[in-house]
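Here's target-v4.pdb, which has PDB, N, CA and C atoms:
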```
ATOM      1  N   MET A 277     115.103 182.926 129.346
ATOM      2  CA  MET A 277     115.547 182.090 128.257
ATOM      3  C   MET A 277     114.357 181.823 127.336
ATOM      4  N   PRO A 278     114.505 182.122 126.059
ATOM      5  CA  PRO A 278     113.376 181.950 125.146
ATOM      6  C   PRO A 278     113.020 180.481 124.953
ATOM      7  N   TYR A 279     111.767 180.274 124.656
ATOM      8  CA  TYR A 279     111.264 178.924 124.418
ATOM      9  C   TYR A 279     111.850 178.393 123.119
ATOM     10  N   LYS A 280     112.364 177.185 123.186
ATOM     11  CA  LYS A 280     112.933 176.561 121.995
ATOM     12  C   LYS A 280     112.111 175.328 121.648
ATOM     13  N   GLU A 281     111.636 175.287 120.418
ATOM     14  CA  GLU A 281     110.824 174.145 120.002
ATOM     15  C   GLU A 281     111.706 172.915 119.838
ATOM     16  N   ARG A 282     111.196 171.797 120.338
ATOM     17  CA  ARG A 282     111.909 170.531 120.157
ATOM     18  C   ARG A 282     111.544 169.957 118.803
ATOM     19  N   GLU A 283     112.518 169.235 118.238
ATOM     20  CA  GLU A 283     112.208 168.541 116.999
ATOM     21  C   GLU A 283     111.362 167.330 117.335
ATOM     22  N   ILE A 284     110.297 167.155 116.618
ATOM     23  CA  ILE A 284     109.421 166.019 116.839
ATOM     24  C   ILE A 284     109.921 164.880 115.969
ATOM     25  N   SER A 285     110.250 163.789 116.618
ATOM     26  CA  SER A 285     110.698 162.637 115.844
ATOM     27  C   SER A 285     109.724 161.498 116.077
ATOM     28  N   LYS A 286     109.459 160.780 115.036
ATOM     29  CA  LYS A 286     108.508 159.692 115.109
ATOM     30  C   LYS A 286     109.247 158.386 115.353
ATOM     31  N   VAL A 287     108.528 157.399 115.830
ATOM     32  CA  VAL A 287     109.104 156.082 116.043
ATOM     33  C   VAL A 287     109.170 155.331 114.722
ATOM     34  N   TYR A 288     108.112 155.456 113.908
ATOM     35  CA  TYR A 288     108.057 154.794 112.611
ATOM     36  C   TYR A 288     107.606 155.770 111.541
ATOM     37  N   TYR A 289     108.159 155.618 110.356
ATOM     38  CA  TYR A 289     107.776 156.410 109.196
ATOM     39  C   TYR A 289     107.224 155.472 108.131
ATOM     40  N   THR A 290     106.176 155.901 107.455
ATOM     41  CA  THR A 290     105.598 155.071 106.403
ATOM     42  C   THR A 290     106.433 155.197 105.131
ATOM     43  N   MET A 291     106.158 154.316 104.199
ATOM     44  CA  MET A 291     106.857 154.326 102.915
ATOM     45  C   MET A 291     106.635 155.649 102.190
ATOM     46  N   GLY A 292     105.423 156.173 102.232
ATOM     47  CA  GLY A 292     105.120 157.446 101.579
ATOM     48  C   GLY A 292     105.895 158.604 102.184
ATOM     49  N   GLU A 293     106.029 158.605 103.508
ATOM     50  CA  GLU A 293     106.782 159.678 104.169
ATOM     51  C   GLU A 293     108.256 159.627 103.798
ATOM     52  N   VAL A 294     108.805 158.428 103.726
ATOM     53  CA  VAL A 294     110.219 158.289 103.372
ATOM     54  C   VAL A 294     110.448 158.711 101.928
ATOM     55  N   SER A 295     109.547 158.322 101.032
ATOM     56  CA  SER A 295     109.712 158.711  99.634
ATOM     57  C   SER A 295     109.577 160.229  99.478
ATOM     58  N   ALA A 296     108.732 160.855 100.278
ATOM     59  CA  ALA A 296     108.603 162.314 100.227
ATOM     60  C   ALA A 296     109.845 163.001 100.801
ATOM     61  N   MET A 297     110.449 162.417 101.844
ATOM     62  CA  MET A 297     111.659 162.999 102.437
ATOM     63  C   MET A 297     112.788 163.096 101.423
ATOM     64  N   PHE A 298     112.945 162.050 100.632
ATOM     65  CA  PHE A 298     114.062 161.975  99.696
ATOM     66  C   PHE A 298     113.663 162.324  98.270
ATOM     67  N   ASP A 299     112.387 162.584  98.047
ATOM     68  CA  ASP A 299     111.870 162.939  96.730
ATOM     69  C   ASP A 299     112.218 161.866  95.689
ATOM     70  N   VAL A 300     111.925 160.610  96.057
ATOM     71  CA  VAL A 300     112.153 159.473  95.167
ATOM     72  C   VAL A 300     110.878 158.635  95.097
ATOM     73  N   ASN A 301     110.819 157.766  94.119
ATOM     74  CA  ASN A 301     109.684 156.861  94.002
ATOM     75  C   ASN A 301     109.768 155.773  95.063
ATOM     76  N   GLN A 302     108.620 155.235  95.426
ATOM     77  CA  GLN A 302     108.587 154.164  96.410
ATOM     78  C   GLN A 302     109.263 152.901  95.885
ATOM     79  N   SER A 303     109.234 152.722  94.582
ATOM     80  CA  SER A 303     109.880 151.542  94.000
ATOM     81  C   SER A 303     111.386 151.562  94.225
ATOM     82  N   LEU A 304     111.996 152.748  94.226
ATOM     83  CA  LEU A 304     113.429 152.848  94.489
ATOM     84  C   LEU A 304     113.740 152.426  95.919
ATOM     85  N   ILE A 305     112.887 152.800  96.855
ATOM     86  CA  ILE A 305     113.097 152.415  98.254
ATOM     87  C   ILE A 305     112.965 150.904  98.395
ATOM     88  N   ARG A 306     111.974 150.320  97.736
ATOM     89  CA  ARG A 306     111.821 148.861  97.782
ATOM     90  C   ARG A 306     113.026 148.168  97.157
ATOM     91  N   PHE A 307     113.534 148.725  96.068
ATOM     92  CA  PHE A 307     114.708 148.153  95.410
ATOM     93  C   PHE A 307     115.924 148.205  96.322
ATOM     94  N   TYR A 308     116.171 149.356  96.948
ATOM     95  CA  TYR A 308     117.306 149.476  97.871
ATOM     96  C   TYR A 308     117.139 148.539  99.060
ATOM     97  N   GLU A 309     115.913 148.331  99.489
ATOM     98  CA  GLU A 309     115.659 147.408 100.600
ATOM     99  C   GLU A 309     116.085 145.989 100.226
ATOM    100  N   LYS A 310     115.822 145.595  98.987
ATOM    101  CA  LYS A 310     116.227 144.254  98.532
ATOM    102  C   LYS A 310     117.737 144.156  98.345
ATOM    103  N   GLU A 311     118.356 145.216  97.879
ATOM    104  CA  GLU A 311     119.780 145.188  97.558
ATOM    105  C   GLU A 311     120.686 145.328  98.779
ATOM    106  N   PHE A 312     120.273 146.114  99.768
ATOM    107  CA  PHE A 312     121.133 146.407 100.913
ATOM    108  C   PHE A 312     120.568 145.757 102.171
ATOM    109  N   ASP A 313     121.419 144.995 102.838
ATOM    110  CA  ASP A 313     120.990 144.279 104.043
ATOM    111  C   ASP A 313     120.757 145.203 105.240
ATOM    112  N   VAL A 314     121.333 146.396 105.225
ATOM    113  CA  VAL A 314     121.184 147.292 106.371
ATOM    114  C   VAL A 314     119.793 147.918 106.452
ATOM    115  N   LEU A 315     119.047 147.894 105.360
ATOM    116  CA  LEU A 315     117.671 148.402 105.381
ATOM    117  C   LEU A 315     116.726 147.258 105.733
ATOM    118  N   GLN A 316     116.179 147.299 106.922
ATOM    119  CA  GLN A 316     115.263 146.265 107.387
ATOM    120  C   GLN A 316     114.022 146.903 108.004
ATOM    121  N   PRO A 317     113.122 147.450 107.179
ATOM    122  CA  PRO A 317     111.916 148.061 107.764
ATOM    123  C   PRO A 317     110.990 146.992 108.339
ATOM    124  N   LYS A 318     110.227 147.386 109.332
ATOM    125  CA  LYS A 318     109.232 146.485 109.915
ATOM    126  C   LYS A 318     108.048 146.402 108.967
ATOM    127  N   LYS A 319     107.421 145.240 108.916
ATOM    128  CA  LYS A 319     106.228 145.078 108.090
ATOM    129  C   LYS A 319     105.079 144.614 108.962
ATOM    130  N   ASN A 320     103.900 145.193 108.723
ATOM    131  CA  ASN A 320     102.729 144.747 109.475
ATOM    132  C   ASN A 320     102.067 143.586 108.740
ATOM    133  N   LYS A 321     100.915 143.153 109.216
ATOM    134  CA  LYS A 321     100.237 141.996 108.619
ATOM    135  C   LYS A 321      99.832 142.245 107.170
ATOM    136  N   LYS A 322      99.548 143.496 106.846
ATOM    137  CA  LYS A 322      99.168 143.829 105.474
ATOM    138  C   LYS A 322     100.379 143.928 104.552
ATOM    139  N   GLY A 323     101.577 143.992 105.134
ATOM    140  CA  GLY A 323     102.786 144.110 104.325
ATOM    141  C   GLY A 323     103.283 145.530 104.172
ATOM    142  N   ASN A 324     102.640 146.477 104.856
ATOM    143  CA  ASN A 324     103.096 147.864 104.806
ATOM    144  C   ASN A 324     104.429 147.987 105.534
ATOM    145  N   ARG A 325     105.331 148.751 104.945
ATOM    146  CA  ARG A 325     106.652 148.934 105.534
ATOM    147  C   ARG A 325     106.645 150.139 106.458
ATOM    148  N   TYR A 326     107.280 149.956 107.625
ATOM    149  CA  TYR A 326     107.450 151.043 108.587
ATOM    150  C   TYR A 326     108.929 151.170 108.902
ATOM    151  N   PHE A 327     109.475 152.351 108.613
ATOM    152  CA  PHE A 327     110.900 152.597 108.759
ATOM    153  C   PHE A 327     111.193 153.266 110.097
ATOM    154  N   THR A 328     112.214 152.782 110.789
ATOM    155  CA  THR A 328     112.664 153.392 112.036
ATOM    156  C   THR A 328     113.622 154.533 111.693
ATOM    157  N   PRO A 329     113.917 155.411 112.647
ATOM    158  CA  PRO A 329     114.915 156.452 112.383
ATOM    159  C   PRO A 329     116.274 155.877 111.987
ATOM    160  N   GLU A 330     116.623 154.707 112.501
ATOM    161  CA  GLU A 330     117.885 154.061 112.103
ATOM    162  C   GLU A 330     117.839 153.663 110.630
ATOM    163  N   ASP A 331     116.680 153.160 110.174
ATOM    164  CA  ASP A 331     116.520 152.833 108.755
ATOM    165  C   ASP A 331     116.642 154.087 107.891
ATOM    166  N   ILE A 332     116.084 155.178 108.368
ATOM    167  CA  ILE A 332     116.166 156.446 107.633
ATOM    168  C   ILE A 332     117.622 156.885 107.528
ATOM    169  N   GLU A 333     118.373 156.751 108.625
ATOM    170  CA  GLU A 333     119.789 157.121 108.617
ATOM    171  C   GLU A 333     120.569 156.245 107.631
ATOM    172  N   ASN A 334     120.292 154.942 107.643
ATOM    173  CA  ASN A 334     120.965 154.045 106.698
ATOM    174  C   ASN A 334     120.600 154.386 105.260
ATOM    175  N   PHE A 335     119.325 154.732 105.019
ATOM    176  CA  PHE A 335     118.907 155.112 103.678
ATOM    177  C   PHE A 335     119.598 156.399 103.240
ATOM    178  N   LYS A 336     119.781 157.339 104.178
ATOM    179  CA  LYS A 336     120.500 158.576 103.855
ATOM    180  C   LYS A 336     121.918 158.270 103.398
ATOM    181  N   ILE A 337     122.572 157.348 104.099
ATOM    182  CA  ILE A 337     123.944 156.987 103.748
ATOM    183  C   ILE A 337     123.982 156.359 102.354
ATOM    184  N   ILE A 338     123.082 155.417 102.097
ATOM    185  CA  ILE A 338     123.033 154.753 100.792
ATOM    186  C   ILE A 338     122.723 155.770  99.692
ATOM    187  N   PHE A 339     121.750 156.625  99.946
ATOM    188  CA  PHE A 339     121.353 157.646  98.972
ATOM    189  C   PHE A 339     122.522 158.582  98.672
ATOM    190  N   HIS A 340     123.258 158.968  99.721
ATOM    191  CA  HIS A 340     124.410 159.862  99.555
ATOM    192  C   HIS A 340     125.499 159.186  98.725
ATOM    193  N   LEU A 341     125.777 157.921  99.023
ATOM    194  CA  LEU A 341     126.837 157.218  98.295
ATOM    195  C   LEU A 341     126.487 157.053  96.819
ATOM    196  N   ILE A 342     125.248 156.677  96.537
ATOM    197  CA  ILE A 342     124.879 156.381  95.149
ATOM    198  C   ILE A 342     124.589 157.644  94.351
ATOM    199  N   ARG A 343     123.777 158.536  94.900
ATOM    200  CA  ARG A 343     123.350 159.704  94.126
ATOM    201  C   ARG A 343     124.373 160.841  94.129
ATOM    202  N   GLU A 344     124.993 161.098  95.279
ATOM    203  CA  GLU A 344     125.861 162.264  95.366
ATOM    204  C   GLU A 344     127.328 161.939  95.097
ATOM    205  N   LYS A 345     127.791 160.771  95.552
ATOM    206  CA  LYS A 345     129.185 160.415  95.324
ATOM    207  C   LYS A 345     129.380 159.599  94.053
ATOM    208  N   GLY A 346     128.306 159.065  93.482
ATOM    209  CA  GLY A 346     128.396 158.364  92.218
ATOM    210  C   GLY A 346     128.857 156.920  92.319
ATOM    211  N   PHE A 347     128.698 156.293  93.473
ATOM    212  CA  PHE A 347     129.056 154.892  93.622
ATOM    213  C   PHE A 347     128.091 154.021  92.825
ATOM    214  N   THR A 348     128.574 152.858  92.370
ATOM    215  CA  THR A 348     127.673 151.864  91.807
ATOM    216  C   THR A 348     127.018 151.123  92.960
ATOM    217  N   LEU A 349     126.021 150.300  92.669
ATOM    218  CA  LEU A 349     125.367 149.540  93.739
ATOM    219  C   LEU A 349     126.363 148.624  94.432
ATOM    220  N   GLN A 350     127.170 147.914  93.644
ATOM    221  CA  GLN A 350     128.150 147.009  94.239
ATOM    222  C   GLN A 350     129.210 147.786  95.011
ATOM    223  N   GLY A 351     129.626 148.918  94.485
ATOM    224  CA  GLY A 351     130.608 149.745  95.176
ATOM    225  C   GLY A 351     130.074 150.258  96.505
ATOM    226  N   ALA A 352     128.803 150.645  96.528
ATOM    227  CA  ALA A 352     128.195 151.123  97.772
ATOM    228  C   ALA A 352     128.074 149.985  98.781
ATOM    229  N   LYS A 353     127.733 148.785  98.309
ATOM    230  CA  LYS A 353     127.652 147.624  99.213
ATOM    231  C   LYS A 353     129.003 147.332  99.835
ATOM    232  N   ASP A 354     130.043 147.319  99.006
ATOM    233  CA  ASP A 354     131.392 147.047  99.510
ATOM    234  C   ASP A 354     131.844 148.120 100.488
ATOM    235  N   TYR A 355     131.555 149.381 100.166
ATOM    236  CA  TYR A 355     131.940 150.484 101.040
ATOM    237  C   TYR A 355     131.243 150.369 102.390
ATOM    238  N   LEU A 356     129.969 150.029 102.386
ATOM    239  CA  LEU A 356     129.220 149.903 103.637
ATOM    240  C   LEU A 356     129.725 148.731 104.476
ATOM    241  N   LYS A 357     130.129 147.648 103.827
ATOM    242  CA  LYS A 357     130.647 146.500 104.577
ATOM    243  C   LYS A 357     131.933 146.842 105.303
ATOM    244  N   THR A 358     132.793 147.631 104.666
ATOM    245  CA  THR A 358     134.088 147.924 105.260
ATOM    246  C   THR A 358     134.094 149.193 106.110
ATOM    247  N   ASN A 359     133.228 150.154 105.793
ATOM    248  CA  ASN A 359     133.298 151.470 106.448
ATOM    249  C   ASN A 359     131.979 151.920 107.034
ATOM    250  N   MET A 360     131.186 151.033 107.587
ATOM    251  CA  MET A 360     129.860 151.425 108.081
ATOM    252  C   MET A 360     129.966 152.454 109.209
ATOM    253  N   GLY A 361     130.881 152.264 110.146
ATOM    254  CA  GLY A 361     131.033 153.217 111.250
ATOM    255  C   GLY A 361     131.468 154.586 110.760
ATOM    256  N   ASP A 362     132.427 154.606 109.841
ATOM    257  CA  ASP A 362     132.905 155.871 109.302
ATOM    258  C   ASP A 362     131.813 156.591 108.519
ATOM    259  N   SER A 363     131.037 155.828 107.760
ATOM    260  CA  SER A 363     129.997 156.464 106.963
ATOM    261  C   SER A 363     128.888 157.022 107.853
ATOM    262  N   ARG A 364     128.592 156.352 108.974
ATOM    263  CA  ARG A 364     127.588 156.903 109.898
ATOM    264  C   ARG A 364     128.086 158.187 110.537
ATOM    265  N   ASP A 365     129.371 158.207 110.911
ATOM    266  CA  ASP A 365     129.935 159.421 111.496
ATOM    267  C   ASP A 365     129.917 160.570 110.496
ATOM    268  N   SER A 366     130.303 160.285 109.270
ATOM    269  CA  SER A 366     130.322 161.354 108.268
ATOM    270  C   SER A 366     128.899 161.825 107.949
ATOM    271  N   GLN A 367     127.929 160.910 107.985
ATOM    272  CA  GLN A 367     126.538 161.321 107.741
ATOM    273  C   GLN A 367     126.035 162.219 108.872
ATOM    274  N   ARG A 368     126.434 161.927 110.098
ATOM    275  CA  ARG A 368     126.050 162.800 111.221
ATOM    276  C   ARG A 368     126.645 164.188 111.066
ATOM    277  N   VAL A 369     127.888 164.257 110.610
ATOM    278  CA  VAL A 369     128.529 165.553 110.378
ATOM    279  C   VAL A 369     127.798 166.308 109.273
ATOM    280  N   ILE A 370     127.450 165.610 108.212
ATOM    281  CA  ILE A 370     126.720 166.242 107.107
ATOM    282  C   ILE A 370     125.375 166.771 107.596
ATOM    283  N   ASP A 371     124.671 165.979 108.401
ATOM    284  CA  ASP A 371     123.374 166.417 108.930
ATOM    285  C   ASP A 371     123.515 167.644 109.810
ATOM    286  N   SER A 372     124.538 167.647 110.678
ATOM    287  CA  SER A 372     124.707 168.796 111.560
ATOM    288  C   SER A 372     125.088 170.040 110.771
ATOM    289  N   LEU A 373     125.885 169.890 109.721
ATOM    290  CA  LEU A 373     126.230 171.044 108.889
ATOM    291  C   LEU A 373     125.017 171.568 108.131
ATOM    292  N   GLU A 374     124.155 170.666 107.677
ATOM    293  CA  GLU A 374     122.936 171.107 106.993
ATOM    294  C   GLU A 374     122.017 171.848 107.951
ATOM    295  N   ASN A 375     121.928 171.375 109.203
ATOM    296  CA  ASN A 375     121.119 172.075 110.207
ATOM    297  C   ASN A 375     121.697 173.448 110.512
ATOM    298  N   LEU A 376     123.015 173.541 110.589
ATOM    299  CA  LEU A 376     123.674 174.820 110.832
ATOM    300  C   LEU A 376     123.418 175.783 109.683
ATOM    301  N   LYS A 377     123.490 175.280 108.457
ATOM    302  CA  LYS A 377     123.228 176.116 107.286
ATOM    303  C   LYS A 377     121.790 176.634 107.307
ATOM    304  N   LYS A 378     120.861 175.740 107.650
ATOM    305  CA  LYS A 378     119.453 176.135 107.723
ATOM    306  C   LYS A 378     119.250 177.223 108.777
ATOM    307  N   PHE A 379     119.893 177.055 109.936
ATOM    308  CA  PHE A 379     119.792 178.046 111.005
ATOM    309  C   PHE A 379     120.377 179.389 110.564
ATOM    310  N   LEU A 380     121.541 179.364 109.934
ATOM    311  CA  LEU A 380     122.179 180.595 109.499
ATOM    312  C   LEU A 380     121.352 181.313 108.422
ATOM    313  N   LEU A 381     120.728 180.545 107.542
ATOM    314  CA  LEU A 381     119.860 181.159 106.539
ATOM    315  C   LEU A 381     118.648 181.812 107.174
ATOM    316  N   GLU A 382     118.109 181.184 108.234
ATOM    317  CA  GLU A 382     116.982 181.781 108.954
ATOM    318  C   GLU A 382     117.405 183.078 109.628
ATOM    319  N   VAL A 383     118.589 183.095 110.219
ATOM    320  CA  VAL A 383     119.095 184.310 110.869
ATOM    321  C   VAL A 383     119.294 185.415 109.847
ATOM    322  N   ARG A 384     119.867 185.058 108.693
ATOM    323  CA  ARG A 384     120.085 186.042 107.638
ATOM    324  C   ARG A 384     118.766 186.640 107.154
ATOM    325  N   ASP A 385     117.748 185.806 107.026
ATOM    326  CA  ASP A 385     116.459 186.291 106.559
ATOM    327  C   ASP A 385     115.782 187.215 107.557
ATOM    328  N   GLU A 386     116.085 186.999 108.844
ATOM    329  CA  GLU A 386     115.491 187.857 109.870
ATOM    330  C   GLU A 386     116.153 189.213 109.950
ATOM    331  N   LEU A 387     117.372 189.331 109.460
ATOM    332  CA  LEU A 387     118.094 190.620 109.533
ATOM    333  C   LEU A 387     117.638 191.615 108.527
TER     334      LEU A 387
END
```

Step by step, read the file and then write its structure as structure tokens.
Amino acid sequence: MPYKEREISKVYYTMGEVSAMFDVNQSLIRFYEKEFDVLQPKKNKKGNRYFTPEDIENFKIIFHLIREKGFTLQGAKDYLKTNMGDSRDSQRVIDSLENLKKFLLEVRDEL
């Protein structure tokens, strides 16, 4: 059985890493943190924000609703209040499909 690399996941991500993941300014992340109660990054004594993988998942959901589906801020807040479980499930499906697409593209490139 061939060796399969495990995905390395971190416990905490810095503000810079999160902004690089989503290709957005750090000010947008701070703004979403103030607007949405589900984003609660840890802060150290200096005030630096550290995001958990759960925070990253919540940010993905918010980012998807606002940027890709075109929700307003208030619309996204209302949607998250009523459909948080459904939106997490759909985000997991989206993530798994993106991983599958990435894998299939790698296979195609190897052929």

TODO: Let me know the residues the PyMOL selection byres ((chain A and resi 330-336) around 8) catches in the file above, as a VMD selection string.
DONE: chain A and resid 287 294 314 to 317 326 to 329 337 to 342 364 367

How would the residues just chosen look if you wrote them out with N, CA and C atoms as a PDB file, keeping the file's coordinate frame?
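That gives us selection32.pdb:
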```pdb
ATOM      1  N   VAL A 287     108.528 157.399 115.830  1.00  0.00           N
ATOM      2  CA  VAL A 287     109.104 156.082 116.043  1.00  0.00           C
ATOM      3  C   VAL A 287     109.170 155.331 114.722  1.00  0.00           C
ATOM      4  N   VAL A 294     108.805 158.428 103.726  1.00  0.00           N
ATOM      5  CA  VAL A 294     110.219 158.289 103.372  1.00  0.00           C
ATOM      6  C   VAL A 294     110.448 158.711 101.928  1.00  0.00           C
ATOM      7  N   VAL A 314     121.333 146.396 105.225  1.00  0.00           N
ATOM      8  CA  VAL A 314     121.184 147.292 106.371  1.00  0.00           C
ATOM      9  C   VAL A 314     119.793 147.918 106.452  1.00  0.00           C
ATOM     10  N   LEU A 315     119.047 147.894 105.360  1.00  0.00           N
ATOM     11  CA  LEU A 315     117.671 148.402 105.381  1.00  0.00           C
ATOM     12  C   LEU A 315     116.726 147.258 105.733  1.00  0.00           C
ATOM     13  N   GLN A 316     116.179 147.299 106.922  1.00  0.00           N
ATOM     14  CA  GLN A 316     115.263 146.265 107.387  1.00  0.00           C
ATOM     15  C   GLN A 316     114.022 146.903 108.004  1.00  0.00           C
ATOM     16  N   PRO A 317     113.122 147.450 107.179  1.00  0.00           N
ATOM     17  CA  PRO A 317     111.916 148.061 107.764  1.00  0.00           C
ATOM     18  C   PRO A 317     110.990 146.992 108.339  1.00  0.00           C
ATOM     19  N   TYR A 326     107.280 149.956 107.625  1.00  0.00           N
ATOM     20  CA  TYR A 326     107.450 151.043 108.587  1.00  0.00           C
ATOM     21  C   TYR A 326     108.929 151.170 108.902  1.00  0.00           C
ATOM     22  N   PHE A 327     109.475 152.351 108.613  1.00  0.00           N
ATOM     23  CA  PHE A 327     110.900 152.597 108.759  1.00  0.00           C
ATOM     24  C   PHE A 327     111.193 153.266 110.097  1.00  0.00           C
ATOM     25  N   THR A 328     112.214 152.782 110.789  1.00  0.00           N
ATOM     26  CA  THR A 328     112.664 153.392 112.036  1.00  0.00           C
ATOM     27  C   THR A 328     113.622 154.533 111.693  1.00  0.00           C
ATOM     28  N   PRO A 329     113.917 155.411 112.647  1.00  0.00           N
ATOM     29  CA  PRO A 329     114.915 156.452 112.383  1.00  0.00           C
ATOM     30  C   PRO A 329     116.274 155.877 111.987  1.00  0.00           C
ATOM     31  N   ILE A 337     122.572 157.348 104.099  1.00  0.00           N
ATOM     32  CA  ILE A 337     123.944 156.987 103.748  1.00  0.00           C
ATOM     33  C   ILE A 337     123.982 156.359 102.354  1.00  0.00           C
ATOM     34  N   ILE A 338     123.082 155.417 102.097  1.00  0.00           N
ATOM     35  CA  ILE A 338     123.033 154.753 100.792  1.00  0.00           C
ATOM     36  C   ILE A 338     122.723 155.770  99.692  1.00  0.00           C
ATOM     37  N   PHE A 339     121.750 156.625  99.946  1.00  0.00           N
ATOM     38  CA  PHE A 339     121.353 157.646  98.972  1.00  0.00           C
ATOM     39  C   PHE A 339     122.522 158.582  98.672  1.00  0.00           C
ATOM     40  N   HIS A 340     123.258 158.968  99.721  1.00  0.00           N
ATOM     41  CA  HIS A 340     124.410 159.862  99.555  1.00  0.00           C
ATOM     42  C   HIS A 340     125.499 159.186  98.725  1.00  0.00           C
ATOM     43  N   LEU A 341     125.777 157.921  99.023  1.00  0.00           N
ATOM     44  CA  LEU A 341     126.837 157.218  98.295  1.00  0.00           C
ATOM     45  C   LEU A 341     126.487 157.053  96.819  1.00  0.00           C
ATOM     46  N   ILE A 342     125.248 156.677  96.537  1.00  0.00           N
ATOM     47  CA  ILE A 342     124.879 156.381  95.149  1.00  0.00           C
ATOM     48  C   ILE A 342     124.589 157.644  94.351  1.00  0.00           C
ATOM     49  N   ARG A 364     128.592 156.352 108.974  1.00  0.00           N
ATOM     50  CA  ARG A 364     127.588 156.903 109.898  1.00  0.00           C
ATOM     51  C   ARG A 364     128.086 158.187 110.537  1.00  0.00           C
ATOM     52  N   GLN A 367     127.929 160.910 107.985  1.00  0.00           N
ATOM     53  CA  GLN A 367     126.538 161.321 107.741  1.00  0.00           C
ATOM     54  C   GLN A 367     126.035 162.219 108.872  1.00  0.00           C
TER      55      GLN A 367
END
```

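Coordinates place atom C of Arg325 of chain A at a distance of 5.5 Å from atom CA of Met291 of chain A.
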
TODO: Identify all residues of chain A in helix (DSSP H, G or I) (DSSP on the backbone) and supply them as a PyMOL selection string.
DONE: chain A and resi 291-298+302-311+329-344+349-386

Open item on the list: Just the number, please: distance in Å from atom CA of Gly323 of chain A to atom CA of Lys357 of chain A, one decimal.
Closed with: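 Separation between atom CA of Gly323 of chain A and atom CA of Lys357 of chain A: 28.0 Å.
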
- [ ] Identify all residues satisfying the PyMOL selection byres (((chain A and resi 292 and name CA) around 12) and name CA) in the given file; provide them as a list in words.
- [x]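 Output of the PyMOL selection byres (((chain A and resi 292 and name CA) around 12) and name CA): Tyr288, Tyr289, Thr290, Met291, Glu293, Val294, Ser295, Ala296, Met297, Phe298, Asp299, Val300, Asn301, Gln302, Ser303, Leu304, Ile305, Arg306, Asn324, Arg325, Tyr326 and Phe327 of chain A.
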
Go ahead and save the residues from that selection, with N, CA and C atoms, as a CSV table (one decimal), in the frame of the given file.
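Contents of the output file part-v7.csv:
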```
chain,number,residue,atom,x,y,z
A,288,TYR,N,108.1,155.5,113.9
A,288,TYR,CA,108.1,154.8,112.6
A,288,TYR,C,107.6,155.8,111.5
A,289,TYR,N,108.2,155.6,110.4
A,289,TYR,CA,107.8,156.4,109.2
A,289,TYR,C,107.2,155.5,108.1
A,290,THR,N,106.2,155.9,107.5
A,290,THR,CA,105.6,155.1,106.4
A,290,THR,C,106.4,155.2,105.1
A,291,MET,N,106.2,154.3,104.2
A,291,MET,CA,106.9,154.3,102.9
A,291,MET,C,106.6,155.6,102.2
A,293,GLU,N,106.0,158.6,103.5
A,293,GLU,CA,106.8,159.7,104.2
A,293,GLU,C,108.3,159.6,103.8
A,294,VAL,N,108.8,158.4,103.7
A,294,VAL,CA,110.2,158.3,103.4
A,294,VAL,C,110.4,158.7,101.9
A,295,SER,N,109.5,158.3,101.0
A,295,SER,CA,109.7,158.7,99.6
A,295,SER,C,109.6,160.2,99.5
A,296,ALA,N,108.7,160.9,100.3
A,296,ALA,CA,108.6,162.3,100.2
A,296,ALA,C,109.8,163.0,100.8
A,297,MET,N,110.4,162.4,101.8
A,297,MET,CA,111.7,163.0,102.4
A,297,MET,C,112.8,163.1,101.4
A,298,PHE,N,112.9,162.0,100.6
A,298,PHE,CA,114.1,162.0,99.7
A,298,PHE,C,113.7,162.3,98.3
A,299,ASP,N,112.4,162.6,98.0
A,299,ASP,CA,111.9,162.9,96.7
A,299,ASP,C,112.2,161.9,95.7
A,300,VAL,N,111.9,160.6,96.1
A,300,VAL,CA,112.2,159.5,95.2
A,300,VAL,C,110.9,158.6,95.1
A,301,ASN,N,110.8,157.8,94.1
A,301,ASN,CA,109.7,156.9,94.0
A,301,ASN,C,109.8,155.8,95.1
A,302,GLN,N,108.6,155.2,95.4
A,302,GLN,CA,108.6,154.2,96.4
A,302,GLN,C,109.3,152.9,95.9
A,303,SER,N,109.2,152.7,94.6
A,303,SER,CA,109.9,151.5,94.0
A,303,SER,C,111.4,151.6,94.2
A,304,LEU,N,112.0,152.7,94.2
A,304,LEU,CA,113.4,152.8,94.5
A,304,LEU,C,113.7,152.4,95.9
A,305,ILE,N,112.9,152.8,96.9
A,305,ILE,CA,113.1,152.4,98.3
A,305,ILE,C,113.0,150.9,98.4
A,306,ARG,N,112.0,150.3,97.7
A,306,ARG,CA,111.8,148.9,97.8
A,306,ARG,C,113.0,148.2,97.2
A,324,ASN,N,102.6,146.5,104.9
A,324,ASN,CA,103.1,147.9,104.8
A,324,ASN,C,104.4,148.0,105.5
A,325,ARG,N,105.3,148.8,104.9
A,325,ARG,CA,106.7,148.9,105.5
A,325,ARG,C,106.6,150.1,106.5
A,326,TYR,N,107.3,150.0,107.6
A,326,TYR,CA,107.4,151.0,108.6
A,326,TYR,C,108.9,151.2,108.9
A,327,PHE,N,109.5,152.4,108.6
A,327,PHE,CA,110.9,152.6,108.8
A,327,PHE,C,111.2,153.3,110.1
```

TODO: Give me every strand (DSSP E or B) residue in segment 307-382 of chain A, going by DSSP on the backbone, as JSON, numbers by chain.
DONE: {"A": [318, 319, 325, 326, 327]}

Box along x, y and z, 4 Å on every side, all listed atoms of segment 372-380 of chain A inside: centre and edge lengths in Å to one decimal, as AutoDock Vina command-line options.
```
--center_x 122.7 --center_y 174.5 --center_z 109.3 --size_x 15.0 --size_y 21.7 --size_z 12.6
```

TODO: Could you check how far atom C of Val369 of chain A sits from atom CA of Phe307 of chain A, in Å to one decimal?
DONE: 26.3 Å

Task: Nearest residue to Glu311 of chain A from the set A:Ser366, A:Glu386, A:Lys353, A:Thr348 (distances using only N, CA and C atoms) - done: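 Closest candidate: A:Lys353.
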